[in-house]
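Notes for the one structure printed next.
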Amino acid sequence: MKAAVFREHDKDPEKVVKIEDIDIPKIKPNEVLVKVEATSYNYNDLWAIWGRPIKVPMPHISGTDISGIVEEVGEEVTSVRKGDRVVSHGNLSCRICNLCTSGREYDCEKRQVWGFQTGPLWGGYCQYAHLPEVNIVKISNNISFEDAAAISMVGMTSWHMLVDRARIKPGQDVLIMGGTSGVGMVGIQIAKLHNCNVIATAGNKQKMDKCLELGADHVVNHREADWYKKVRGITNKKGVDIVFEHIGKTVFPQAVALLKMGGTLVSTGATTGYDSTIDLRYLFFRGINIVGATQGTRAELEDMLYWTANKKIKPLINAVLPFQNMVKGHVMMMNGDQIGKTITTPQKL
Ligand SMILES: [Zn+2]
């Protein structure tokens with residue numbers, strides 16, 4: 001089969017990621033082999049290629065989000081069969097520890113992100129990928145393979161942030177930072193699904209227009225120095241109930257200051273830097289919550305796929321790349337010039 005393999009770390013993905021012919025993997029009794037129709041790009045692909053912040057097993061295949069068709073199942077597998085349409089849940093956790101069995105599999109100490117920490121040669125940028133049965137979720141015929149790959153990780157993460165961590169309620173004022181990023185595009189739609197008043201931010205006019213298309217009620221440019229004053233103005237100086245944050249250092253102190261009494265900031269990243277400060281008076285005088293989130297549960301992925309199948313949530317797709325040009329997706333991500341998710345199609349060279 002064809003697979004996108006790299007055998008050494010480098011700053012430049014085009015130097016090291018090559019399409020190679022390798023053997024189709026043999027599956028264990030509890031595993032499923034999937035003919036991969038679409039794989040979506042995530043930032044952890046770049047961390048793996050760069051070897052920062054961690055070295056990854058070599059030779060390496062990246063790719064955490066796949067969709068495709070079940071090709072073969074191990075003898076212990078009962079929930080899917082050959083021919084089923086499926087997506088990956090890329091969170092490999094032990095499923096036995098206290099955290100896993102209390103519904104916090106994303107906090108499992110043995111957790112590995114499939115395609116990032118796994119290997120050698122075990123990820124989703126290939127024509128046939130294998131995963132344990134528990135990491136395979138069936139999808140409706142109403143969802144295209146491209147949409148399914150695009151929505152799964154970011155959709156699950158956004159759902160976990162807003163529904164589980166921030167306890168979103170109908171009618172709230174919700175600020176979605178970076179509204180055209182992978183998580184942001186879904187965050188806007190989840191907040192609208194809850195009938196919230198959604199203020200999105202973006203870094204240029206084109207991205208701001210996209211936020212409005214996705215359903216945001218208001219949009220501001222977070223690259224302008226007074227962006228937070230505009231948000232405050234939109235809310236008649238009340239501030240917001242929830243801030244959905246992943247931009248980090250350049251916006252964090254202002255984002256915290258925008259919270260109403262008892263409001264919640266939920267963070268899942270820090271693209272512009274992680275060494276931020278906040279005014280602690282906001283924390284105790286206003287009784288605010290600052291919470292973190294990474295990924296989500298299999299059940300949250302299923303919730304997300306339900307709303308995607310019902311056309312209430314739709315991923316924004318930046319580009320669909322033929323597999324032989326797949327490394328261009330990594331370059332686009334490095335340059336930050338994508339709006340929404342980029343996809344490659346391993347069966348279409
Ligand atoms: Zn565990």
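For the structure tokens, the naming scheme is as follows: chains receive sequential letters (A, B, ...) according to their order of presentation, residues are indexed from 1 within each chain, and ligands are indexed from 1 in presentation order.
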Do you have, as a tab-separated table, the list of residues of chain A lying at most 6 Å from ligand 1, each with its nearest atom pair and that distance in Å to one decimal, counting only C-alpha atoms and all ligand atoms and ordered by chain then number?
```
residue	atom	partner	partner_atom_place_in_ligand_line	distance
A:Ser93	CA	ligand 1	1 (Zn)	5.1
A:Cys94	CA	ligand 1	1 (Zn)	4.0
A:Arg95	CA	ligand 1	1 (Zn)	4.8
A:Ile96	CA	ligand 1	1 (Zn)	5.3
A:Cys97	CA	ligand 1	1 (Zn)	4.1
A:Leu99	CA	ligand 1	1 (Zn)	5.7
A:Cys100	CA	ligand 1	1 (Zn)	4.3
A:Glu105	CA	ligand 1	1 (Zn)	5.9
A:Cys108	CA	ligand 1	1 (Zn)	4.1
A:Lys110	CA	ligand 1	1 (Zn)	5.9
```
**OP:** Compile the contact shell of Val16 in chain A as a ChimeraX atom specification: residues with an atom at most 9 Å away, counting only C-alpha atoms, same-chain residues fewer than 6 positions apart removed.
**Re:** /A:5-10,49
Notebook entry, point to check: In Å, with one decimal, what is the gap from CA of Arg232 in chain A to CA of Asp173 in chain A?
Noted result: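 Going from CA of Arg232 in chain A over to CA of Asp173 in chain A, I get 11.0 Å.
Near range 257-263 of chain A, within 6 Å and counting only C-alpha atoms, sit Gly239, Val240, Asp241, Ile242, Arg286, Gly287 and Ile288 of chain A; same-chain residues fewer than 4 positions away were not included.
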Would you mind writing down, as a ChimeraX atom specification, each residue of range 50-246 of chain A that DSSP on the backbone assigns to strand (DSSP E)?
-> /A:65-73,85-88,91-92,112-113,128-132,136-138,173-176,197-202,218-221,240-245
Hey, could you make a per-residue contact list for range 160-222 of chain A against range 294-311 of chain A with 10 Å as the cut-off, showing the nearest pair of atoms and its distance in Å to one decimal, counting only C-alpha atoms, sorted by chain and number, as CSV?
```
residue,atom,partner,partner_atom,distance
A:His160,CA,A:Gly296,CA,5.4
A:Met161,CA,A:Thr294,CA,8.2
A:Val163,CA,A:Glu300,CA,9.2
A:Asp164,CA,A:Glu300,CA,9.1
A:Val186,CA,A:Met304,CA,9.5
A:Ile190,CA,A:Met304,CA,9.1
A:Leu193,CA,A:Trp307,CA,9.2
```
Please dump the current selection as an mmCIF file, in the first residue's frame; keep all heavy atoms.
```cif
data_model
loop_
_atom_site.group_PDB
_atom_site.id
_atom_site.type_symbol
_atom_site.label_atom_id
_atom_site.label_comp_id
_atom_site.auth_asym_id
_atom_site.auth_seq_id
_atom_site.Cartn_x
_atom_site.Cartn_y
_atom_site.Cartn_z
ATOM 1 N N HIS A 160 -16.461 18.819 23.618
ATOM 2 C CA HIS A 160 -15.977 18.607 24.990
ATOM 3 C C HIS A 160 -15.742 19.950 25.694
ATOM 4 O O HIS A 160 -16.108 20.132 26.858
ATOM 5 C CB HIS A 160 -14.688 17.781 24.942
ATOM 6 C CG HIS A 160 -14.089 17.522 26.280
ATOM 7 N ND1 HIS A 160 -14.754 16.830 27.266
ATOM 8 C CD2 HIS A 160 -12.894 17.894 26.817
ATOM 9 C CE1 HIS A 160 -13.993 16.774 28.347
ATOM 10 N NE2 HIS A 160 -12.873 17.417 28.106
ATOM 11 N N MET A 161 -15.159 20.904 24.976
ATOM 12 C CA MET A 161 -14.885 22.219 25.568
ATOM 13 C C MET A 161 -16.162 22.925 25.988
ATOM 14 O O MET A 161 -16.285 23.412 27.111
ATOM 15 C CB MET A 161 -14.142 23.113 24.555
ATOM 16 C CG MET A 161 -12.708 22.699 24.293
ATOM 17 S SD MET A 161 -11.999 23.631 22.912
ATOM 18 C CE MET A 161 -11.703 25.239 23.655
ATOM 19 N N VAL A 163 -19.607 21.824 25.852
ATOM 20 C CA VAL A 163 -20.711 21.112 26.507
ATOM 21 C C VAL A 163 -20.272 20.548 27.857
ATOM 22 O O VAL A 163 -20.965 20.699 28.854
ATOM 23 C CB VAL A 163 -21.255 19.994 25.581
ATOM 24 C CG1 VAL A 163 -22.368 19.205 26.271
ATOM 25 C CG2 VAL A 163 -21.748 20.593 24.264
ATOM 26 N N ASP A 164 -19.114 19.914 27.903
ATOM 27 C CA ASP A 164 -18.663 19.302 29.159
ATOM 28 C C ASP A 164 -17.943 20.309 30.056
ATOM 29 O O ASP A 164 -18.318 20.514 31.203
ATOM 30 C CB ASP A 164 -17.735 18.116 28.850
ATOM 31 C CG ASP A 164 -17.279 17.416 30.121
ATOM 32 O OD1 ASP A 164 -18.055 16.589 30.636
ATOM 33 O OD2 ASP A 164 -16.176 17.713 30.620
ATOM 34 N N VAL A 186 -16.200 24.715 14.415
ATOM 35 C CA VAL A 186 -17.219 23.870 15.030
ATOM 36 C C VAL A 186 -17.769 24.555 16.279
ATOM 37 O O VAL A 186 -18.954 24.468 16.571
ATOM 38 C CB VAL A 186 -16.670 22.473 15.391
ATOM 39 C CG1 VAL A 186 -17.831 21.544 15.705
ATOM 40 C CG2 VAL A 186 -15.845 21.900 14.265
ATOM 41 N N ILE A 190 -21.623 24.826 17.370
ATOM 42 C CA ILE A 190 -22.150 24.201 18.597
ATOM 43 C C ILE A 190 -22.854 25.268 19.440
ATOM 44 O O ILE A 190 -23.933 25.039 19.989
ATOM 45 C CB ILE A 190 -21.024 23.527 19.415
ATOM 46 C CG1 ILE A 190 -20.448 22.337 18.649
ATOM 47 C CG2 ILE A 190 -21.549 23.062 20.784
ATOM 48 C CD1 ILE A 190 -19.202 21.728 19.287
ATOM 49 N N LEU A 193 -26.126 25.970 17.901
ATOM 50 C CA LEU A 193 -27.021 24.835 18.168
ATOM 51 C C LEU A 193 -27.677 24.998 19.540
ATOM 52 O O LEU A 193 -28.791 24.539 19.761
ATOM 53 C CB LEU A 193 -26.194 23.543 18.124
ATOM 54 C CG LEU A 193 -26.893 22.202 18.113
ATOM 55 C CD1 LEU A 193 -27.742 22.040 16.860
ATOM 56 C CD2 LEU A 193 -25.852 21.079 18.178
#
```
*asked:* Show me, as a ChimeraX atom specification, the residues that have an atom within 8 Å of Phe252 in chain A when counting only C-alpha atoms, minus same-chain residues fewer than 6 positions from it.
replied: /A:245,276-278
Can you tell me, as a ChimeraX atom specification, what residues are no more than 8 Å from Asn91 in chain A when counting only C-alpha atoms, ignoring any on the same chain fewer than 2 positions away?
-> /A:89,93,105-106,111-114,135,295
Let's have the selection written as a PDB file, in the first residue's frame, with N, CA and C atoms.
```pdb
ATOM      1  N   HIS A  89     -11.420   7.198  16.331  1.00  0.00           N
ATOM      2  CA  HIS A  89     -11.323   8.015  17.542  1.00  0.00           C
ATOM      3  C   HIS A  89      -9.867   7.860  17.973  1.00  0.00           C
ATOM      4  N   SER A  93      -6.426   4.988  24.861  1.00  0.00           N
ATOM      5  CA  SER A  93      -6.276   5.012  26.315  1.00  0.00           C
ATOM      6  C   SER A  93      -6.455   3.591  26.841  1.00  0.00           C
ATOM      7  N   GLU A 105     -11.381   9.438  29.657  1.00  0.00           N
ATOM      8  CA  GLU A 105     -10.343   8.713  28.925  1.00  0.00           C
ATOM      9  C   GLU A 105      -9.264   9.649  28.355  1.00  0.00           C
ATOM     10  N   TYR A 106      -9.636  10.925  28.139  1.00  0.00           N
ATOM     11  CA  TYR A 106      -8.649  11.884  27.612  1.00  0.00           C
ATOM     12  C   TYR A 106      -7.608  12.261  28.667  1.00  0.00           C
ATOM     13  N   ARG A 111      -2.528   7.425  27.982  1.00  0.00           N
ATOM     14  CA  ARG A 111      -3.094   7.886  26.714  1.00  0.00           C
ATOM     15  C   ARG A 111      -2.011   8.163  25.677  1.00  0.00           C
ATOM     16  N   GLN A 112      -2.272   7.717  24.456  1.00  0.00           N
ATOM     17  CA  GLN A 112      -1.412   8.077  23.329  1.00  0.00           C
ATOM     18  C   GLN A 112      -2.301   8.598  22.205  1.00  0.00           C
ATOM     19  N   VAL A 113      -1.830   9.638  21.534  1.00  0.00           N
ATOM     20  CA  VAL A 113      -2.560  10.136  20.377  1.00  0.00           C
ATOM     21  C   VAL A 113      -2.095   9.324  19.171  1.00  0.00           C
ATOM     22  N   TRP A 114      -3.055   8.612  18.594  1.00  0.00           N
ATOM     23  CA  TRP A 114      -2.732   7.754  17.444  1.00  0.00           C
ATOM     24  C   TRP A 114      -2.179   8.602  16.300  1.00  0.00           C
ATOM     25  N   ASN A 135     -11.670   2.072  19.142  1.00  0.00           N
ATOM     26  CA  ASN A 135     -11.295   3.338  18.512  1.00  0.00           C
ATOM     27  C   ASN A 135     -11.902   3.524  17.126  1.00  0.00           C
ATOM     28  N   GLN A 295      -8.902  17.033  23.567  1.00  0.00           N
ATOM     29  CA  GLN A 295      -9.692  15.956  22.946  1.00  0.00           C
ATOM     30  C   GLN A 295     -11.047  15.781  23.621  1.00  0.00           C
TER      31      GLN A 295
END
```
Quick one: which range 212-325 of chain A residues come within 8 Å of range 339-342 of chain A, and what is the nearest atom pair for each with the distance in Å to one decimal, counting only C-alpha atoms, rows ordered by chain and ascending number, as JSON lines?
```
{"residue": "A:Pro315", "atom": "CA", "partner": "A:Gly340", "partner_atom": "CA", "distance": 7.3}
{"residue": "A:Leu316", "atom": "CA", "partner": "A:Gly340", "partner_atom": "CA", "distance": 4.8}
{"residue": "A:Ile317", "atom": "CA", "partner": "A:Lys341", "partner_atom": "CA", "distance": 4.8}
{"residue": "A:Asn318", "atom": "CA", "partner": "A:Thr342", "partner_atom": "CA", "distance": 5.1}
{"residue": "A:Ala319", "atom": "CA", "partner": "A:Thr342", "partner_atom": "CA", "distance": 5.0}
{"residue": "A:Val320", "atom": "CA", "partner": "A:Thr342", "partner_atom": "CA", "distance": 6.1}
{"residue": "A:Leu321", "atom": "CA", "partner": "A:Thr342", "partner_atom": "CA", "distance": 7.6}
```
Atoms kept (C-alpha atoms) for selection, written as a PDB file, in the first residue's frame:
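The resulting selection.pdb:
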```pdb
ATOM      1  CA  PRO A 315     -17.025  21.220   8.772  1.00  0.00           C
ATOM      2  CA  LEU A 316     -15.326  23.949   6.806  1.00  0.00           C
ATOM      3  CA  ILE A 317     -12.989  22.325   4.292  1.00  0.00           C
ATOM      4  CA  ASN A 318      -9.947  24.272   3.161  1.00  0.00           C
ATOM      5  CA  ALA A 319      -8.719  21.881   0.449  1.00  0.00           C
ATOM      6  CA  VAL A 320      -8.835  18.212  -0.557  1.00  0.00           C
ATOM      7  CA  LEU A 321      -5.379  17.143  -1.743  1.00  0.00           C
TER       8      LEU A 321
END
```
Practice item. Apply DSSP to the backbone of this structure and, from range 158-297 of chain A, keep only the residues in helix (DSSP H, G or I); write these as JSON, numbers by chain. Key: {"A": [158, 159, 160, 161, 162, 163, 164, 165, 182, 183, 184, 185, 186, 187, 188, 189, 190, 191, 192, 193, 205, 206, 207, 208, 209, 210, 211, 212, 213, 227, 228, 229, 230, 231, 232, 233, 234, 252, 253, 254, 255, 256, 257, 280, 281, 282, 283, 284, 285]}
Using only C-alpha atoms, which residues sit within 6 Å of Val77 in chain A once same-chain residues fewer than 2 positions away are excluded, as a ChimeraX atom specification?
-> /A:30,74-75
Just-selected residues, N, CA and C atoms written as an mmCIF file, in the first residue's frame:
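Result saved to again.cif:
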```cif
data_model
loop_
_atom_site.group_PDB
_atom_site.id
_atom_site.type_symbol
_atom_site.label_atom_id
_atom_site.label_comp_id
_atom_site.auth_asym_id
_atom_site.auth_seq_id
_atom_site.Cartn_x
_atom_site.Cartn_y
_atom_site.Cartn_z
ATOM 1 N N ASN A 30 -8.437 -8.080 18.271
ATOM 2 C CA ASN A 30 -9.335 -6.998 18.720
ATOM 3 C C ASN A 30 -9.274 -5.789 17.796
ATOM 4 N N GLY A 74 -10.858 -8.316 13.216
ATOM 5 C CA GLY A 74 -10.282 -9.408 13.992
ATOM 6 C C GLY A 74 -11.385 -10.287 14.556
ATOM 7 N N GLU A 75 -11.010 -11.508 14.998
ATOM 8 C CA GLU A 75 -12.031 -12.485 15.410
ATOM 9 C C GLU A 75 -12.816 -12.067 16.659
#
```
Next item on the list: Within 8 Å of Ile188 in chain A, counting only C-alpha atoms, which residues show up once you throw out same-chain ones fewer than 4 positions away? Write them as a list of chain:residue names, please.
Entry: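 Counting only C-alpha atoms, the residues come to A:Ile176, A:Gly179, A:Gly184, A:Lys192, A:Val198, A:Ala200, A:Cys211, A:Leu214, A:Gly215, A:Ala216.
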Those same residues, written as a PDB file, in the first residue's frame with N, CA and C atoms?
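New file result_26.pdb:
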```pdb
ATOM      1  N   ILE A 176     -16.057  33.072  20.645  1.00  0.00           N
ATOM      2  CA  ILE A 176     -15.249  32.025  20.025  1.00  0.00           C
ATOM      3  C   ILE A 176     -14.013  32.683  19.412  1.00  0.00           C
ATOM      4  N   GLY A 179     -12.303  31.931  14.997  1.00  0.00           N
ATOM      5  CA  GLY A 179     -13.507  31.233  14.541  1.00  0.00           C
ATOM      6  C   GLY A 179     -13.361  30.402  13.280  1.00  0.00           C
ATOM      7  N   GLY A 184     -12.457  26.224  16.098  1.00  0.00           N
ATOM      8  CA  GLY A 184     -13.320  27.409  16.118  1.00  0.00           C
ATOM      9  C   GLY A 184     -14.541  27.271  15.225  1.00  0.00           C
ATOM     10  N   LYS A 192     -24.278  27.990  18.352  1.00  0.00           N
ATOM     11  CA  LYS A 192     -25.553  28.332  17.701  1.00  0.00           C
ATOM     12  C   LYS A 192     -26.589  27.223  17.903  1.00  0.00           C
ATOM     13  N   VAL A 198     -23.469  34.468  19.582  1.00  0.00           N
ATOM     14  CA  VAL A 198     -22.080  34.102  19.313  1.00  0.00           C
ATOM     15  C   VAL A 198     -21.293  35.274  18.737  1.00  0.00           C
ATOM     16  N   ALA A 200     -17.610  35.893  17.293  1.00  0.00           N
ATOM     17  CA  ALA A 200     -16.408  35.177  16.862  1.00  0.00           C
ATOM     18  C   ALA A 200     -15.300  36.186  16.603  1.00  0.00           C
ATOM     19  N   CYS A 211     -16.677  33.493   9.373  1.00  0.00           N
ATOM     20  CA  CYS A 211     -17.309  33.321  10.694  1.00  0.00           C
ATOM     21  C   CYS A 211     -18.801  33.632  10.618  1.00  0.00           C
ATOM     22  N   LEU A 214     -20.650  30.912   8.943  1.00  0.00           N
ATOM     23  CA  LEU A 214     -20.810  29.742   9.818  1.00  0.00           C
ATOM     24  C   LEU A 214     -21.901  29.949  10.861  1.00  0.00           C
ATOM     25  N   GLY A 215     -22.399  31.194  10.977  1.00  0.00           N
ATOM     26  CA  GLY A 215     -23.525  31.427  11.880  1.00  0.00           C
ATOM     27  C   GLY A 215     -23.244  32.391  13.014  1.00  0.00           C
ATOM     28  N   ALA A 216     -22.009  32.899  13.117  1.00  0.00           N
ATOM     29  CA  ALA A 216     -21.712  33.851  14.193  1.00  0.00           C
ATOM     30  C   ALA A 216     -22.621  35.073  14.060  1.00  0.00           C
TER      31      ALA A 216
END
```
Which one of A:Gln127, A:Thr118, A:Asn204, A:Asn98 sits closest to Asn44 in chain A if you count only C-alpha atoms?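 Using only C-alpha atoms, Asn44 in chain A sits closest to A:Thr118.
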